[in-house]
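A.B. asks: Structure in structure tokens, see below.
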2 protein chains.
Amino acid sequence: MVREGTARQKLIDAALAAIRTQGFAATSVDELCARAGVTKGAFFHYFASKNDLAVAAADHWSCMTGELFAQAPYHRHKDPLDRVLGYLEFRKSLLKGAVPEFTCLVGTMVQETYETNPDIRAACDASISGHAATLEADIAEAMKEHDVKGVSAASLALHTQAVLQGAFILAKAKGGAGVAAESIDHLRRYIELLFQPKQHKGRVKS
Amino acid sequence: MVREGTARQKLIDAALAAIRTQGFAATSVDELCARAGVTKGAFFHYFASKNDLAVAAADHWSCMTGELFAQAPYHRHKDPLDRVLGYLEFRKSLLKGAVPEFTCLVGTMVQETYETNPDIRAACDASISGHAATLEADIAEAMKEHDVKGVSAASLALHTQAVLQGAFILAKAKGGAGVAAESIDHLRRYIELLFQPKQHKGRVKS
DNA sequence: GACAACATACCGACCAGTTGGTATGTGAAC
DNA sequence: GTTCACATACCAACTGGTCGGTATGTTGTC
């Protein structure tokens, strides 16, 4: 029985927690090792550098969230619009616990590294854009069904991620999930208005 | 009164540029001094600590942006809704140049410091919330005029900031302003739909 | 000559990364 | 079926450099 890389996984888990609470630059390799209960030798056995760990953490994040959303209940709806709205409700339901527990790893990391570390930036972009892509099909289908034009599904999918990332920033600034939930409500309202049955616009006001 | 704190202002200017490109933790006091062309003695003459500089930078940011938006042309519109939409167009017009030049200082800083430095977090919150408050009156007035109910002006004002902050994150991840502009377009569309003349709301399944 | 506005020199702590090891497992030659 | 060559999975101690911060000048102004 090999010990098979338990240290690696412990280091990545420690990185997720530390980076989400204090950011990437403020997290030292020593602290990560202490949190994971391994030595520095183990760290550099598995990761070529601190940056390398960040990329691995982003990739792991993509896998984790990918599974979480793939197994989420909102996919069961037959109506694609219900799946999109269900996605938003699911995101809202995730706003539990302390702020570092529901905020986004890659959204945090990309802010600190986008100009100075192309690899980390690319890994974060892949995570965000990849997740948006899983929404795009449902949005496109809903658009077709509801005859929505003048908006691209890809753009709307990315916009949902922008709202979520921005909601996290406000949650961090205000120290609670409340604002974030309200922003998701606004996003939901936007999508509902966008997909509402066609009406003649420009009617007189009441 | 000749020199009158030129070093202080140079340090703050250097901090704005450095923190917006690489974040707060990754910016060292030495680097700031080098950028500003002053010595460390000057730094600690004006700021008690690195954290103190961050708070001063956030406050300066609030003043700077406060003036910028106070003098912006969108206030001239008579219709409050036009002022709100004008604000969004103004924000879009600001998306010029490299990413660090149009992204938000306090949005970047709060991500790294919200859990570990209450003073910086508070200064960033004050900056964001204070700016949102300047929008709130116009939104409230527009809501009254257009008979919009079920949404609070304060919440919608904060949502605009969430969208902008999120748009900046996507811009950083993707390395360009394009996504950010599209997110602002979505926000504009949301507000237009929200304020459009009353029609029967509520989605009907096709 | 007092004071603000800096500059110079330096400190201990901590940083990312390196070195040289040990304990354990694996495949294949003989 | 034992031995040997090599690989994997770690660990402890260390290095050169950087960190935020301080102690002590120097200089121009009133």
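Letters for chains follow the order of the structure tokens (A, B, ...), residue numbers begin at 1 for each chain, and ligand numbers begin at 1 in the order shown.
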Within 10 Å of chain D, which residues belong to chain B? Use only C-alpha atoms (C1' of nucleotides) and report them as a ChimeraX atom specification.
C.D. replies: /B:1-2,28-30,40-41,44,48-50
A.B. asks: So that I can check the surroundings of Glu101 of chain B, please list as a PyMOL selection string every protein, DNA and RNA residue that reaches within 12 Å of it, counting only C-alpha atoms (C1' of nucleotides) and ignoring chain neighbours fewer than 2 positions away.
C.D. replies: (chain A and resi 115) or (chain B and resi 16-21+94-99+103-105+168+171-172+176-177)
A.B. asks: Which residue is closest to chain B? Choose from A:Phe24, A:Trp61, A:Phe43, A:Phe102 and count only C-alpha atoms.
C.D. replies: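 Checking each candidate against chain B, we get A:Phe24 as the closest.
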A.B. asks: As a ChimeraX atom specification, which residues of segment 9-138 of chain A does DSSP assign to alpha helix (DSSP H)?
C.D. replies: /A:9-22,29-36,40-46,50-70,80-93,99-102,105-113,118-138
A.B. asks: Atom CA of Ala54 of chain B and atom CA of Phe69 of chain B are how many Å apart?
C.D. replies: 22.1 Å
A.B. asks: All in-order C-alpha pairs, least squares, chain A moved onto chain B. Output the fitted coordinates as an mmCIF file with C-alpha atoms, in the first residue's frame, please.
C.D. replies:
data_model
loop_
_atom_site.group_PDB
_atom_site.id
_atom_site.type_symbol
_atom_site.label_atom_id
_atom_site.label_comp_id
_atom_site.auth_asym_id
_atom_site.auth_seq_id
_atom_site.Cartn_x
_atom_site.Cartn_y
_atom_site.Cartn_z
ATOM 1 C CA MET A 1 7.699 77.692 -0.169
ATOM 2 C CA VAL A 2 7.337 74.430 1.626
ATOM 3 C CA ARG A 3 7.860 71.199 -0.239
ATOM 4 C CA GLU A 4 4.449 70.362 1.130
ATOM 5 C CA GLY A 5 3.991 66.647 0.969
ATOM 6 C CA THR A 6 4.722 65.946 -2.650
ATOM 7 C CA ALA A 7 6.242 62.687 -1.454
ATOM 8 C CA ARG A 8 2.979 61.653 0.158
ATOM 9 C CA GLN A 9 0.998 62.161 -3.021
ATOM 10 C CA LYS A 10 3.626 60.428 -5.122
ATOM 11 C CA LEU A 11 3.490 57.447 -2.769
ATOM 12 C CA ILE A 12 -0.291 57.246 -2.989
ATOM 13 C CA ASP A 13 -0.195 57.500 -6.776
ATOM 14 C CA ALA A 14 2.401 54.747 -6.879
ATOM 15 C CA ALA A 15 0.222 52.649 -4.588
ATOM 16 C CA LEU A 16 -2.819 53.007 -6.852
ATOM 17 C CA ALA A 17 -0.895 51.770 -9.865
ATOM 18 C CA ALA A 18 0.955 48.975 -8.083
ATOM 19 C CA ILE A 19 -1.990 47.609 -6.107
ATOM 20 C CA ARG A 20 -4.285 47.650 -9.107
ATOM 21 C CA THR A 21 -1.832 45.570 -11.122
ATOM 22 C CA GLN A 22 -0.468 43.158 -8.549
ATOM 23 C CA GLY A 23 -2.558 43.477 -5.417
ATOM 24 C CA PHE A 24 -1.805 44.826 -1.975
ATOM 25 C CA ALA A 25 0.156 41.987 -0.386
ATOM 26 C CA ALA A 26 2.405 41.593 -3.406
ATOM 27 C CA THR A 27 3.312 45.270 -3.324
ATOM 28 C CA SER A 28 6.226 46.022 -1.001
ATOM 29 C CA VAL A 29 7.015 49.297 0.675
ATOM 30 C CA ASP A 30 10.390 49.285 -1.040
ATOM 31 C CA GLU A 31 8.781 48.981 -4.446
ATOM 32 C CA LEU A 32 6.408 51.815 -3.675
ATOM 33 C CA CYS A 33 9.296 54.028 -2.630
ATOM 34 C CA ALA A 34 11.204 53.151 -5.786
ATOM 35 C CA ARG A 35 8.171 53.897 -7.966
ATOM 36 C CA ALA A 36 7.587 57.190 -6.187
ATOM 37 C CA GLY A 37 11.264 58.096 -6.223
ATOM 38 C CA VAL A 38 11.433 58.644 -2.465
ATOM 39 C CA THR A 39 13.118 56.836 0.367
ATOM 40 C CA LYS A 40 11.704 54.598 3.038
ATOM 41 C CA GLY A 41 12.178 57.322 5.586
ATOM 42 C CA ALA A 42 9.730 59.470 3.648
ATOM 43 C CA PHE A 43 7.247 56.603 3.525
ATOM 44 C CA PHE A 44 7.195 56.128 7.282
ATOM 45 C CA HIS A 45 7.198 59.842 7.841
ATOM 46 C CA TYR A 46 3.779 60.038 6.195
ATOM 47 C CA PHE A 47 2.323 56.627 6.931
ATOM 48 C CA ALA A 48 2.476 54.791 10.222
ATOM 49 C CA SER A 49 2.477 51.433 8.456
ATOM 50 C CA LYS A 50 1.847 49.746 5.145
ATOM 51 C CA ASN A 51 -1.746 49.202 6.241
ATOM 52 C CA ASP A 52 -2.074 52.889 6.968
ATOM 53 C CA LEU A 53 -1.044 53.621 3.385
ATOM 54 C CA ALA A 54 -3.749 51.249 2.152
ATOM 55 C CA VAL A 55 -6.395 53.110 4.104
ATOM 56 C CA ALA A 56 -5.101 56.441 2.797
ATOM 57 C CA ALA A 57 -5.112 55.056 -0.745
ATOM 58 C CA ALA A 58 -8.709 53.871 -0.358
ATOM 59 C CA ASP A 59 -9.752 57.274 0.958
ATOM 60 C CA HIS A 60 -7.962 58.998 -1.887
ATOM 61 C CA TRP A 61 -9.679 56.634 -4.304
ATOM 62 C CA SER A 62 -13.049 57.613 -2.862
ATOM 63 C CA CYS A 63 -12.274 61.296 -3.392
ATOM 64 C CA MET A 64 -10.958 60.776 -6.936
ATOM 65 C CA THR A 65 -13.889 58.688 -8.090
ATOM 66 C CA GLY A 66 -16.311 60.923 -6.231
ATOM 67 C CA GLU A 67 -15.184 63.912 -8.267
ATOM 68 C CA LEU A 68 -15.056 61.959 -11.509
ATOM 69 C CA PHE A 69 -18.652 60.817 -11.197
ATOM 70 C CA ALA A 70 -19.914 64.082 -9.777
ATOM 71 C CA GLN A 71 -18.689 65.864 -12.910
ATOM 72 C CA ALA A 72 -19.909 63.191 -15.334
ATOM 73 C CA PRO A 73 -22.478 64.236 -17.915
ATOM 74 C CA TYR A 74 -25.206 61.748 -17.035
ATOM 75 C CA HIS A 75 -26.508 63.961 -14.218
ATOM 76 C CA ARG A 76 -27.882 66.380 -16.805
ATOM 77 C CA HIS A 77 -30.791 64.156 -17.812
ATOM 78 C CA LYS A 78 -34.116 65.233 -16.463
ATOM 79 C CA ASP A 79 -35.570 61.746 -16.306
ATOM 80 C CA PRO A 80 -34.059 59.904 -13.319
ATOM 81 C CA LEU A 81 -34.118 56.620 -15.256
ATOM 82 C CA ASP A 82 -32.050 58.280 -17.982
ATOM 83 C CA ARG A 83 -29.566 59.287 -15.309
ATOM 84 C CA VAL A 84 -29.300 55.699 -14.111
ATOM 85 C CA LEU A 85 -28.868 54.353 -17.629
ATOM 86 C CA GLY A 86 -26.488 57.216 -18.355
ATOM 87 C CA TYR A 87 -24.438 56.148 -15.383
ATOM 88 C CA LEU A 88 -24.076 52.683 -16.869
ATOM 89 C CA GLU A 89 -23.049 54.070 -20.243
ATOM 90 C CA PHE A 90 -20.528 56.255 -18.492
ATOM 91 C CA ARG A 91 -19.129 53.216 -16.691
ATOM 92 C CA LYS A 92 -18.857 51.456 -20.025
ATOM 93 C CA SER A 93 -17.021 54.401 -21.525
ATOM 94 C CA LEU A 94 -14.425 54.101 -18.772
ATOM 95 C CA LEU A 95 -13.430 50.612 -19.929
ATOM 96 C CA LYS A 96 -10.494 51.882 -21.937
ATOM 97 C CA GLY A 97 -6.830 50.993 -21.938
ATOM 98 C CA ALA A 98 -5.158 48.149 -20.100
ATOM 99 C CA VAL A 99 -7.007 46.167 -17.448
ATOM 100 C CA PRO A 100 -5.210 47.704 -14.435
ATOM 101 C CA GLU A 101 -6.218 51.140 -15.683
ATOM 102 C CA PHE A 102 -9.964 50.641 -15.485
ATOM 103 C CA THR A 103 -10.373 48.181 -12.622
ATOM 104 C CA CYS A 104 -11.266 49.126 -9.079
ATOM 105 C CA LEU A 105 -8.671 49.724 -6.383
ATOM 106 C CA VAL A 106 -10.886 49.003 -3.414
ATOM 107 C CA GLY A 107 -12.525 45.970 -4.972
ATOM 108 C CA THR A 108 -9.069 44.506 -5.410
ATOM 109 C CA MET A 109 -7.863 45.432 -1.946
ATOM 110 C CA VAL A 110 -10.876 44.222 -0.028
ATOM 111 C CA GLN A 111 -10.461 40.704 -1.380
ATOM 112 C CA GLU A 112 -7.051 40.400 0.200
ATOM 113 C CA THR A 113 -7.715 42.172 3.448
ATOM 114 C CA TYR A 114 -11.315 41.641 4.502
ATOM 115 C CA GLU A 115 -10.495 39.002 7.088
ATOM 116 C CA THR A 116 -7.126 40.207 8.247
ATOM 117 C CA ASN A 117 -7.357 43.988 8.300
ATOM 118 C CA PRO A 118 -10.560 45.594 9.569
ATOM 119 C CA ASP A 119 -9.415 49.149 8.832
ATOM 120 C CA ILE A 120 -8.736 48.514 5.169
ATOM 121 C CA ARG A 121 -11.946 46.515 4.837
ATOM 122 C CA ALA A 122 -13.927 49.398 6.339
ATOM 123 C CA ALA A 123 -12.281 51.942 4.050
ATOM 124 C CA CYS A 124 -13.053 49.802 1.001
ATOM 125 C CA ASP A 125 -16.624 49.235 2.116
ATOM 126 C CA ALA A 126 -17.052 52.958 2.640
ATOM 127 C CA SER A 127 -15.777 53.607 -0.869
ATOM 128 C CA ILE A 128 -18.057 51.096 -2.556
ATOM 129 C CA SER A 129 -21.130 51.782 -0.436
ATOM 130 C CA GLY A 130 -20.600 55.531 -0.648
ATOM 131 C CA HIS A 131 -20.470 55.354 -4.402
ATOM 132 C CA ALA A 132 -23.579 53.179 -4.528
ATOM 133 C CA ALA A 133 -25.356 55.743 -2.386
ATOM 134 C CA THR A 134 -24.822 58.405 -5.048
ATOM 135 C CA LEU A 135 -26.877 56.241 -7.391
ATOM 136 C CA GLU A 136 -29.579 55.394 -4.928
ATOM 137 C CA ALA A 137 -31.439 58.684 -5.106
ATOM 138 C CA ASP A 138 -31.787 58.510 -8.886
ATOM 139 C CA ILE A 139 -32.910 54.905 -8.688
ATOM 140 C CA ALA A 140 -35.461 55.681 -5.989
ATOM 141 C CA GLU A 141 -36.829 58.584 -7.985
ATOM 142 C CA ALA A 142 -37.045 56.468 -11.125
ATOM 143 C CA MET A 143 -38.853 53.758 -9.184
ATOM 144 C CA LYS A 144 -41.407 56.209 -7.944
ATOM 145 C CA GLU A 145 -41.954 57.642 -11.382
ATOM 146 C CA HIS A 146 -42.235 54.278 -13.079
ATOM 147 C CA ASP A 147 -44.192 52.669 -10.277
ATOM 148 C CA VAL A 148 -41.669 49.902 -9.698
ATOM 149 C CA LYS A 149 -42.299 47.897 -6.561
ATOM 150 C CA GLY A 150 -40.900 44.866 -4.818
ATOM 151 C CA VAL A 151 -37.304 46.041 -5.240
ATOM 152 C CA SER A 152 -35.423 48.399 -2.978
ATOM 153 C CA ALA A 153 -33.390 51.237 -4.459
ATOM 154 C CA ALA A 154 -30.519 50.579 -2.063
ATOM 155 C CA SER A 155 -30.375 46.938 -3.049
ATOM 156 C CA LEU A 156 -30.419 47.731 -6.756
ATOM 157 C CA ALA A 157 -27.709 50.347 -6.302
ATOM 158 C CA LEU A 158 -25.502 47.787 -4.563
ATOM 159 C CA HIS A 159 -26.297 45.268 -7.268
ATOM 160 C CA THR A 160 -24.915 47.628 -9.908
ATOM 161 C CA GLN A 161 -21.666 47.679 -7.968
ATOM 162 C CA ALA A 162 -21.655 43.901 -7.675
ATOM 163 C CA VAL A 163 -22.025 43.596 -11.437
ATOM 164 C CA LEU A 164 -19.210 46.056 -12.029
ATOM 165 C CA GLN A 165 -16.881 44.383 -9.555
ATOM 166 C CA GLY A 166 -17.658 40.989 -11.033
ATOM 167 C CA ALA A 167 -17.157 42.358 -14.529
ATOM 168 C CA PHE A 168 -13.687 43.471 -13.491
ATOM 169 C CA ILE A 169 -12.839 39.999 -12.234
ATOM 170 C CA LEU A 170 -13.889 38.454 -15.534
ATOM 171 C CA ALA A 171 -11.907 41.091 -17.399
ATOM 172 C CA LYS A 172 -8.858 40.150 -15.353
ATOM 173 C CA ALA A 173 -9.411 36.450 -15.934
ATOM 174 C CA LYS A 174 -9.881 36.895 -19.667
ATOM 175 C CA GLY A 175 -7.382 39.668 -20.149
ATOM 176 C CA GLY A 176 -9.670 42.225 -21.763
ATOM 177 C CA ALA A 177 -12.537 44.638 -21.261
ATOM 178 C CA GLY A 178 -14.911 42.846 -23.616
ATOM 179 C CA VAL A 179 -16.647 40.646 -21.051
ATOM 180 C CA ALA A 180 -16.975 43.570 -18.689
ATOM 181 C CA ALA A 181 -18.797 45.657 -21.277
ATOM 182 C CA GLU A 182 -21.176 42.784 -21.994
ATOM 183 C CA SER A 183 -21.994 42.412 -18.327
ATOM 184 C CA ILE A 184 -22.814 46.101 -18.116
ATOM 185 C CA ASP A 185 -25.095 45.601 -21.122
ATOM 186 C CA HIS A 186 -26.902 42.834 -19.261
ATOM 187 C CA LEU A 187 -27.275 45.096 -16.247
ATOM 188 C CA ARG A 188 -28.661 47.846 -18.452
ATOM 189 C CA ARG A 189 -31.130 45.408 -19.986
ATOM 190 C CA TYR A 190 -32.212 44.311 -16.516
ATOM 191 C CA ILE A 191 -32.919 47.869 -15.478
ATOM 192 C CA GLU A 192 -34.741 48.613 -18.702
ATOM 193 C CA LEU A 193 -36.947 45.558 -18.244
ATOM 194 C CA LEU A 194 -37.531 46.400 -14.608
ATOM 195 C CA PHE A 195 -38.586 49.949 -15.438
ATOM 196 C CA GLN A 196 -40.473 49.230 -18.605
ATOM 197 C CA PRO A 197 -44.072 50.487 -18.672
ATOM 198 C CA LYS A 198 -46.384 48.229 -16.714
ATOM 199 C CA GLN A 199 -47.924 45.452 -18.728
ATOM 200 C CA HIS A 200 -50.124 42.596 -17.703
ATOM 201 C CA LYS A 201 -47.692 39.896 -16.987
ATOM 202 C CA GLY A 202 -48.434 36.293 -17.677
ATOM 203 C CA ARG A 203 -49.704 36.689 -21.198
ATOM 204 C CA VAL A 204 -49.607 33.762 -23.532
ATOM 205 C CA LYS A 205 -46.473 33.276 -25.475
ATOM 206 C CA SER A 206 -46.417 34.108 -29.112
#
A.B. asks: Using only C-alpha atoms (C1' of nucleotides), tabulate the residues of chain C lying at most 12 Å from any atom of chain A, each with its closest atom pair and that distance in Å to one decimal, by chain and increasing residue number, as a tab-separated table.
C.D. replies:
residue	atom	partner	partner_atom	distance
C:DC14	C1'	A:Ser28	CA	9.5
C:DC15	C1'	A:Ser28	CA	7.6
C:DA16	C1'	A:Val29	CA	7.4
C:DG17	C1'	A:Ser49	CA	7.9
C:DT18	C1'	A:Gly41	CA	9.4
C:DT19	C1'	A:Gly41	CA	10.0
C:DG20	C1'	A:Gly41	CA	11.1
C:DG21	C1'	A:Gly41	CA	11.0
C:DA23	C1'	A:Arg3	CA	11.6
C:DT24	C1'	A:Val2	CA	8.4
C:DG25	C1'	A:Val2	CA	7.4
C:DT26	C1'	A:Val2	CA	11.2
A.B. asks: Limited to C-alpha atoms (C1' of nucleotides), could you put the picked residues into a file as a compact mmCIF listing (two decimals), in the first residue's frame?
C.D. replies:
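Output below, filename result33.txt:
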# COMPACT_ATOMS: atom_id res chain seq x y z
C1' DC C 14 10.01 35.54 7.31
C1' DC C 15 10.10 34.38 2.41
C1' DA C 16 10.46 30.86 -1.67
C1' DG C 17 13.25 27.51 -2.87
C1' DT C 18 17.41 23.91 -2.25
C1' DT C 19 20.02 20.22 -0.38
C1' DG C 20 20.81 15.91 1.14
C1' DG C 21 18.87 12.63 3.31
C1' DA C 23 11.94 4.85 4.46
C1' DT C 24 9.49 2.15 1.45
C1' DG C 25 8.09 -0.03 -2.76
C1' DT C 26 9.01 -2.25 -7.57
